[in-house]
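Raw entry_18.cif, mmCIF, C-alpha atoms:
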data_query
loop_
_atom_site.group_PDB
_atom_site.id
_atom_site.type_symbol
_atom_site.label_atom_id
_atom_site.label_comp_id
_atom_site.auth_asym_id
_atom_site.auth_seq_id
_atom_site.Cartn_x
_atom_site.Cartn_y
_atom_site.Cartn_z
ATOM 1 C CA MET A 126 82.073 81.483 132.765
ATOM 2 C CA LYS A 127 84.736 82.858 130.434
ATOM 3 C CA LYS A 128 82.789 81.676 127.373
ATOM 4 C CA SER A 129 79.619 83.408 128.546
ATOM 5 C CA VAL A 130 81.542 86.657 129.026
ATOM 6 C CA ILE A 131 82.996 86.395 125.516
ATOM 7 C CA PHE A 132 79.586 85.688 123.976
ATOM 8 C CA ALA A 133 78.068 88.604 125.884
ATOM 9 C CA ALA A 134 80.810 90.933 124.612
ATOM 10 C CA LEU A 135 80.311 89.763 121.024
ATOM 11 C CA PHE A 136 76.551 90.246 121.348
ATOM 12 C CA CYS A 137 77.039 93.826 122.573
ATOM 13 C CA MET A 138 79.405 94.580 119.687
ATOM 14 C CA LEU A 139 77.002 93.203 117.095
ATOM 15 C CA SER A 140 74.070 95.005 118.673
ATOM 16 C CA SER A 141 75.922 98.308 118.612
ATOM 17 C CA VAL A 142 76.432 98.023 114.851
ATOM 18 C CA SER A 143 72.856 99.170 114.239
ATOM 19 C CA LEU A 144 73.631 102.402 116.092
ATOM 20 C CA PHE A 145 75.949 103.445 113.251
ATOM 21 C CA ALA A 146 73.322 103.055 110.531
ATOM 22 C CA GLN A 147 72.769 106.172 108.416
ATOM 23 C CA LYS A 148 69.293 107.345 109.370
ATOM 24 C CA ALA A 149 67.155 110.271 108.210
ATOM 25 C CA GLY A 150 68.149 113.401 110.099
ATOM 26 C CA ASP A 151 71.764 112.378 110.730
ATOM 27 C CA MET A 152 74.130 115.251 109.905
ATOM 28 C CA TYR A 153 77.872 115.637 109.451
ATOM 29 C CA ILE A 154 80.510 118.272 108.844
ATOM 30 C CA SER A 155 83.616 117.755 106.763
ATOM 31 C CA GLY A 156 85.902 119.677 104.421
ATOM 32 C CA SER A 157 89.448 120.182 103.252
ATOM 33 C CA ILE A 158 92.278 122.684 103.692
ATOM 34 C CA GLY A 159 95.351 122.818 101.448
ATOM 35 C CA MET A 160 98.425 125.005 101.139
ATOM 36 C CA SER A 161 101.598 124.750 99.061
ATOM 37 C CA GLY A 162 104.519 126.869 97.924
ATOM 38 C CA ASN A 163 108.006 126.597 96.489
ATOM 39 C CA ASN A 164 111.155 128.463 95.482
ATOM 40 C CA THR A 165 114.318 127.655 93.547
ATOM 41 C CA LYS A 166 117.920 128.477 94.428
ATOM 42 C CA SER A 167 120.722 128.312 91.838
ATOM 43 C CA VAL A 168 124.456 128.660 92.402
ATOM 44 C CA ILE A 169 126.558 129.551 89.335
ATOM 45 C CA ASN A 170 130.247 130.446 89.676
ATOM 46 C CA ASN A 171 129.740 130.914 93.413
ATOM 47 C CA THR A 172 126.904 133.367 92.763
ATOM 48 C CA SER A 173 123.687 132.428 94.468
ATOM 49 C CA THR A 174 120.318 133.398 92.984
ATOM 50 C CA LYS A 175 116.993 132.678 94.667
ATOM 51 C CA VAL A 176 113.911 132.551 92.475
ATOM 52 C CA PRO A 177 110.559 132.765 94.308
ATOM 53 C CA GLY A 178 108.012 130.190 93.285
ATOM 54 C CA GLY A 179 104.255 130.097 93.380
ATOM 55 C CA PHE A 180 101.871 129.870 96.286
ATOM 56 C CA GLN A 181 98.503 128.123 96.443
ATOM 57 C CA MET A 182 95.877 127.678 99.129
ATOM 58 C CA SER A 183 92.355 126.267 99.258
ATOM 59 C CA ILE A 184 89.621 125.752 101.824
ATOM 60 C CA THR A 185 86.333 123.867 101.333
ATOM 61 C CA PRO A 186 84.006 123.242 104.296
ATOM 62 C CA GLN A 187 81.149 120.790 103.686
ATOM 63 C CA PHE A 188 77.855 120.023 105.424
ATOM 64 C CA GLY A 189 75.688 116.952 104.795
ATOM 65 C CA ILE A 190 72.357 115.581 106.015
ATOM 66 C CA PHE A 191 70.558 112.266 105.459
ATOM 67 C CA VAL A 192 67.127 113.003 103.996
ATOM 68 C CA ILE A 193 66.096 109.339 104.166
ATOM 69 C CA GLU A 194 67.878 106.256 105.432
ATOM 70 C CA ASN A 195 71.244 105.817 103.646
ATOM 71 C CA LEU A 196 70.652 108.744 101.252
ATOM 72 C CA GLU A 197 72.425 112.028 102.001
ATOM 73 C CA VAL A 198 72.676 115.416 100.342
ATOM 74 C CA HIS A 199 75.543 117.806 100.951
ATOM 75 C CA LEU A 200 76.795 121.279 100.127
ATOM 76 C CA GLY A 201 80.400 122.437 99.911
ATOM 77 C CA LEU A 202 81.627 126.036 99.684
ATOM 78 C CA GLY A 203 85.174 126.453 98.413
ATOM 79 C CA TYR A 204 87.779 129.146 97.858
ATOM 80 C CA ARG A 205 91.086 128.776 95.990
ATOM 81 C CA PHE A 206 93.875 131.315 95.663
ATOM 82 C CA SER A 207 97.124 131.097 93.696
ATOM 83 C CA LYS A 208 100.005 133.533 93.258
ATOM 84 C CA THR A 209 102.553 133.203 90.462
ATOM 85 C CA PRO A 210 105.523 135.626 90.499
ATOM 86 C CA SER A 211 106.158 137.309 87.157
ATOM 87 C CA ASP A 212 109.489 139.012 87.855
ATOM 88 C CA ILE A 213 112.124 137.885 90.362
ATOM 89 C CA LYS A 214 113.353 141.471 90.850
ATOM 90 C CA THR A 215 110.000 143.064 91.665
ATOM 91 C CA GLU A 216 106.773 142.266 93.473
ATOM 92 C CA GLU A 217 104.897 141.665 90.224
ATOM 93 C CA SER A 218 102.684 138.574 90.155
ATOM 94 C CA THR A 219 99.580 137.011 88.670
ATOM 95 C CA ASN A 220 96.954 136.331 91.321
ATOM 96 C CA THR A 221 93.972 134.057 90.714
ATOM 97 C CA SER A 222 90.957 133.629 92.999
ATOM 98 C CA MET A 223 88.111 131.151 92.549
ATOM 99 C CA PHE A 224 84.929 130.562 94.559
ATOM 100 C CA THR A 225 82.978 127.308 94.141
ATOM 101 C CA ILE A 226 79.579 126.010 95.242
ATOM 102 C CA THR A 227 79.252 122.218 95.193
ATOM 103 C CA PRO A 228 75.943 120.512 96.001
ATOM 104 C CA GLY A 229 75.839 116.726 95.778
ATOM 105 C CA ILE A 230 74.203 113.473 96.759
ATOM 106 C CA ASN A 231 75.576 110.113 98.003
ATOM 107 C CA TYR A 232 73.924 106.762 98.571
ATOM 108 C CA TYR A 233 75.253 104.570 101.386
ATOM 109 C CA LEU A 234 75.119 100.889 100.457
ATOM 110 C CA PRO A 235 76.045 98.780 103.515
ATOM 111 C CA ILE A 236 78.785 96.203 102.949
ATOM 112 C CA VAL A 237 79.483 95.444 106.598
ATOM 113 C CA ASP A 238 76.284 96.648 108.267
ATOM 114 C CA GLY A 239 76.858 99.825 110.227
ATOM 115 C CA LYS A 240 80.621 99.832 109.722
ATOM 116 C CA PHE A 241 81.627 99.849 106.060
ATOM 117 C CA TYR A 242 79.710 101.415 103.153
ATOM 118 C CA TYR A 243 79.997 101.717 99.411
ATOM 119 C CA THR A 244 79.080 105.370 98.739
ATOM 120 C CA PRO A 245 78.594 106.217 95.049
ATOM 121 C CA GLY A 246 77.467 109.776 94.460
ATOM 122 C CA LEU A 247 77.024 112.702 92.111
ATOM 123 C CA ASP A 248 78.408 116.217 92.600
ATOM 124 C CA LEU A 249 77.567 119.421 90.731
ATOM 125 C CA SER A 250 80.099 122.251 90.866
ATOM 126 C CA VAL A 251 79.684 125.901 89.890
ATOM 127 C CA GLY A 252 82.573 128.346 90.209
ATOM 128 C CA PHE A 253 83.419 131.946 89.465
ATOM 129 C CA GLY A 254 86.455 134.150 89.907
ATOM 130 C CA GLY A 255 89.216 135.855 87.973
ATOM 131 C CA SER A 256 92.880 136.753 87.573
ATOM 132 C CA ASN A 257 94.721 140.016 88.269
ATOM 133 C CA TYR A 258 98.194 141.223 87.387
ATOM 134 C CA LYS A 259 99.558 143.002 90.436
ATOM 135 C CA THR A 260 102.573 145.289 90.576
ATOM 136 C CA GLU A 261 103.968 147.340 93.430
ATOM 137 C CA THR A 262 101.580 150.195 92.648
ATOM 138 C CA THR A 263 98.743 148.926 90.439
ATOM 139 C CA THR A 264 96.373 146.011 89.913
ATOM 140 C CA ASN A 265 95.147 145.190 86.387
ATOM 141 C CA LYS A 266 92.310 142.815 85.574
ATOM 142 C CA LEU A 267 93.398 139.972 83.294
ATOM 143 C CA SER A 268 90.297 137.807 82.991
ATOM 144 C CA ASN A 269 87.005 136.665 84.494
ATOM 145 C CA SER A 270 86.417 132.929 84.856
ATOM 146 C CA THR A 271 83.369 130.721 85.299
ATOM 147 C CA SER A 272 83.257 126.945 85.572
ATOM 148 C CA PHE A 273 80.719 124.144 85.625
ATOM 149 C CA GLY A 274 81.383 120.523 86.470
ATOM 150 C CA LEU A 275 79.755 117.154 87.055
ATOM 151 C CA SER A 276 81.485 114.368 88.940
ATOM 152 C CA LEU A 277 80.202 110.797 89.338
ATOM 153 C CA ALA A 278 82.019 108.985 92.150
ATOM 154 C CA LEU A 279 82.310 105.302 91.265
ATOM 155 C CA VAL A 280 85.076 104.146 93.617
ATOM 156 C CA SER A 281 84.007 105.646 96.935
ATOM 157 C CA PHE A 282 83.747 104.074 100.401
ATOM 158 C CA GLU A 283 83.297 105.091 104.029
ATOM 159 C CA PHE A 284 84.341 103.330 107.232
ATOM 160 C CA ARG A 285 82.594 104.128 110.524
ATOM 161 C CA PRO A 286 84.840 102.885 113.367
ATOM 162 C CA VAL A 287 82.717 104.696 115.970
ATOM 163 C CA GLU A 288 79.286 106.302 115.980
ATOM 164 C CA TYR A 289 80.335 109.938 115.492
ATOM 165 C CA PHE A 290 83.328 109.541 113.190
ATOM 166 C CA GLY A 291 83.708 108.454 109.563
ATOM 167 C CA ILE A 292 86.692 107.934 107.254
ATOM 168 C CA SER A 293 85.968 108.345 103.533
ATOM 169 C CA PHE A 294 88.024 106.941 100.653
ATOM 170 C CA ARG A 295 87.647 108.106 97.045
ATOM 171 C CA ALA A 296 89.730 106.946 94.092
ATOM 172 C CA GLY A 297 87.779 106.945 90.844
ATOM 173 C CA ASP A 298 85.512 109.552 89.244
ATOM 174 C CA LEU A 299 83.828 110.150 85.905
ATOM 175 C CA THR A 300 84.004 113.926 85.458
ATOM 176 C CA TYR A 301 82.919 116.585 82.998
ATOM 177 C CA ALA A 302 84.208 120.148 83.299
ATOM 178 C CA LEU A 303 83.372 123.301 81.350
ATOM 179 C CA ASN A 304 85.600 126.329 81.912
ATOM 180 C CA GLN A 305 85.102 129.747 80.354
ATOM 181 C CA GLU A 306 87.617 132.572 80.564
ATOM 182 C CA LYS A 307 86.623 136.024 79.343
ATOM 183 C CA LEU A 308 89.112 138.812 78.730
ATOM 184 C CA PRO A 309 87.955 142.324 79.679
ATOM 185 C CA GLN A 310 87.472 144.828 76.884
ATOM 186 C CA SER A 311 90.260 147.335 76.527
ATOM 187 C CA GLY A 312 89.282 151.000 76.467
ATOM 188 C CA ASN A 313 92.728 152.050 75.253
ATOM 189 C CA SER A 314 92.232 150.578 71.822
ATOM 190 C CA SER A 315 90.188 151.988 68.954
ATOM 191 C CA VAL A 316 88.726 148.501 68.480
ATOM 192 C CA ASN A 317 87.530 146.732 71.625
ATOM 193 C CA ILE A 318 88.162 142.987 71.653
ATOM 194 C CA ASP A 319 85.650 140.700 73.299
ATOM 195 C CA ALA A 320 87.506 137.399 73.716
ATOM 196 C CA LYS A 321 86.343 134.163 75.324
ATOM 197 C CA TYR A 322 88.172 130.865 75.818
ATOM 198 C CA ILE A 323 85.938 127.854 76.404
ATOM 199 C CA THR A 324 87.370 124.478 77.464
ATOM 200 C CA ASN A 325 85.445 121.189 77.670
ATOM 201 C CA ASN A 326 87.037 118.236 79.427
ATOM 202 C CA VAL A 327 85.831 114.673 80.071
ATOM 203 C CA ASP A 328 87.905 112.388 82.252
ATOM 204 C CA PHE A 329 87.598 108.922 83.758
ATOM 205 C CA GLY A 330 90.247 106.968 85.548
ATOM 206 C CA LEU A 331 91.242 105.124 88.684
ATOM 207 C CA ASN A 332 93.202 107.677 90.658
ATOM 208 C CA LEU A 333 96.147 106.000 92.329
ATOM 209 C CA ASN A 334 96.619 109.139 94.452
ATOM 210 C CA ALA A 335 93.387 108.443 96.294
ATOM 211 C CA THR A 336 91.883 110.996 98.663
ATOM 212 C CA ILE A 337 91.030 110.222 102.277
ATOM 213 C CA GLY A 338 88.665 112.432 104.256
ATOM 214 C CA PHE A 339 87.162 112.609 107.721
ATOM 215 C CA ARG A 340 83.590 113.323 108.804
ATOM 216 C CA TYR A 341 82.122 114.181 112.174
ATOM 217 C CA TYR A 342 78.502 113.081 112.697
ATOM 218 C CA PHE A 343 76.080 114.743 115.062
#

As structure tokens, the full file:
Amino acid sequence: MKKSVIFAALFCMLSSVSLFAQKAGDMYISGSIGMSGNNTKSVINNTSTKVPGGFQMSITPQFGIFVIENLEVHLGLGYRFSKTPSDIKTEESTNTSMFTITPGINYYLPIVDGKFYYTPGLDLSVGFGGSNYKTETTTNKLSNSTSFGLSLALVSFEFRPVEYFGISFRAGDLTYALNQEKLPQSGNSSVNIDAKYITNNVDFGLNLNATIGFRYYF
């Protein structure tokens, strides 16, 4: 009797695995939120001085849908903001804002059917924003920035412990990034300067600080 109960339980578990398969029309929501800041305090000859540090925040919601079985497309919309104090005695700072649009595609290759997947994918990223120098009374434009990037995820997996919940793991990418920073022309000078700084970067490596994400399926 006990053996039959055990076999029946195992059969139900194995049968339920197919419920977690990634089928056309399945959708999920995911994303990331980050925030950091710091300051430094020095004590010299019993005199304490506090130096404010920088502040950064980011938010990137993401939506994905499976267009065919095991093949999904997704879109992420991101915003990043950073503030770097320029003078410890005033409210002067350099503020940088960046908006990004990131479409992408992932293929789900089952390793343990319905539970564990190898998920290589390709992401395209386009961003725009700029930097301002802000004082107590004025705000001056420093630069306009645009970016373009490609990222090929080679070490990427997802675990589906239950039907509506996924845990993603990503540790290795092949990336290409193009960043362009353009300085605004100055009207105070007899000769306007049109300056651009263009940076190309290619990177591949196994990231030991791997990222872990969560997805809700519906």

Quiz prompt | Interatomic distance (Å, one decimal) between atom CA of Ser211 of chain A and atom CA of Lys166 of chain A | solution = 16.4 Å

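Across A:Phe329, A:Tyr322, A:Tyr289, A:Phe284, the tightest approach to Thr271 of chain A is made by A:Tyr322 when counting only C-alpha atoms.
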
Practice problem: Could you expand the PyMOL selection byres ((chain A and resi 204) around 10) into the explicit residues it covers here, written as a PyMOL selection string? | Solution: chain A and resi 158+182-186+202-203+205-206+222-226+252-254

Exercise. Enter the distance from atom CA of Asn171 of chain A to atom CA of Thr209 of chain A, in Å, rounded to one decimal.
Key: 27.4 Å

Quiz item: Closest to Glu261 of chain A among A:Phe273, A:Thr244, A:Ile230, A:Glu216, using only C-alpha atoms?
Solution: A:Glu216

Sorted by chain and rising residue number, list the residues of segment 228-335 of chain A at most 12 Å from segment 148-152 of chain A (counting all atoms listed in the file), each with its closest atom pair and distance in Å to one decimal, as CSV.
residue,atom,partner,partner_atom,distance
A:Tyr232,CA,A:Lys148,CA,11.8
A:Tyr233,CA,A:Lys148,CA,10.3
A:Gly239,CA,A:Lys148,CA,10.7
A:Glu288,CA,A:Asp151,CA,11.0
A:Tyr289,CA,A:Met152,CA,9.9
A:Phe290,CA,A:Met152,CA,11.3
A:Gly291,CA,A:Met152,CA,11.7

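The spacing separating atom CA of Leu275 of chain A from atom CA of Leu303 of chain A amounts to 9.1 Å.
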
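Evaluated against this file, the PyMOL selection byres ((chain A and resi 278) around 7) yields Pro245, Gly246, Leu247, Ser276, Leu277, Leu279, Val280, Ser281, Gly297, Asp298 and Leu299 of chain A.
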
Export, as a PDB file, in the coordinates of the input, the selected residues with C-alpha atoms.
ATOM      1  CA  PRO A 245      78.594 106.217  95.049  1.00  0.00           C
ATOM      2  CA  GLY A 246      77.467 109.776  94.460  1.00  0.00           C
ATOM      3  CA  LEU A 247      77.024 112.702  92.111  1.00  0.00           C
ATOM      4  CA  SER A 276      81.485 114.368  88.940  1.00  0.00           C
ATOM      5  CA  LEU A 277      80.202 110.797  89.338  1.00  0.00           C
ATOM      6  CA  LEU A 279      82.310 105.302  91.265  1.00  0.00           C
ATOM      7  CA  VAL A 280      85.076 104.146  93.617  1.00  0.00           C
ATOM      8  CA  SER A 281      84.007 105.646  96.935  1.00  0.00           C
ATOM      9  CA  GLY A 297      87.779 106.945  90.844  1.00  0.00           C
ATOM     10  CA  ASP A 298      85.512 109.552  89.244  1.00  0.00           C
ATOM     11  CA  LEU A 299      83.828 110.150  85.905  1.00  0.00           C
TER      12      LEU A 299
END

Practice problem: Identify, on the basis of all atoms listed in the file, every residue whose closest approach to segment 262-266 of chain A does not exceed 12 Å; exclude the query and any residue fewer than 2 positions from it along the same chain; express the result as a PyMOL selection string. | Solution: chain A and resi 215-222+254-260+268-270+307-311

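Residues captured in this structure file are Thr227, Pro228, Gly229, Leu247, Asp248, Ser250, Val251, Gly274, Leu275 and Ser276 of chain A, according to the PyMOL selection byres ((chain A and resi 249) around 7).
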
Exercise. Could you give me, as a VMD selection string, the residues that sit within 6 Å of (78.0, 122.0, 105.0) in the file's coordinates, counting all atoms listed in the file?
Key: chain A and resid 154 187 to 189 200 to 201
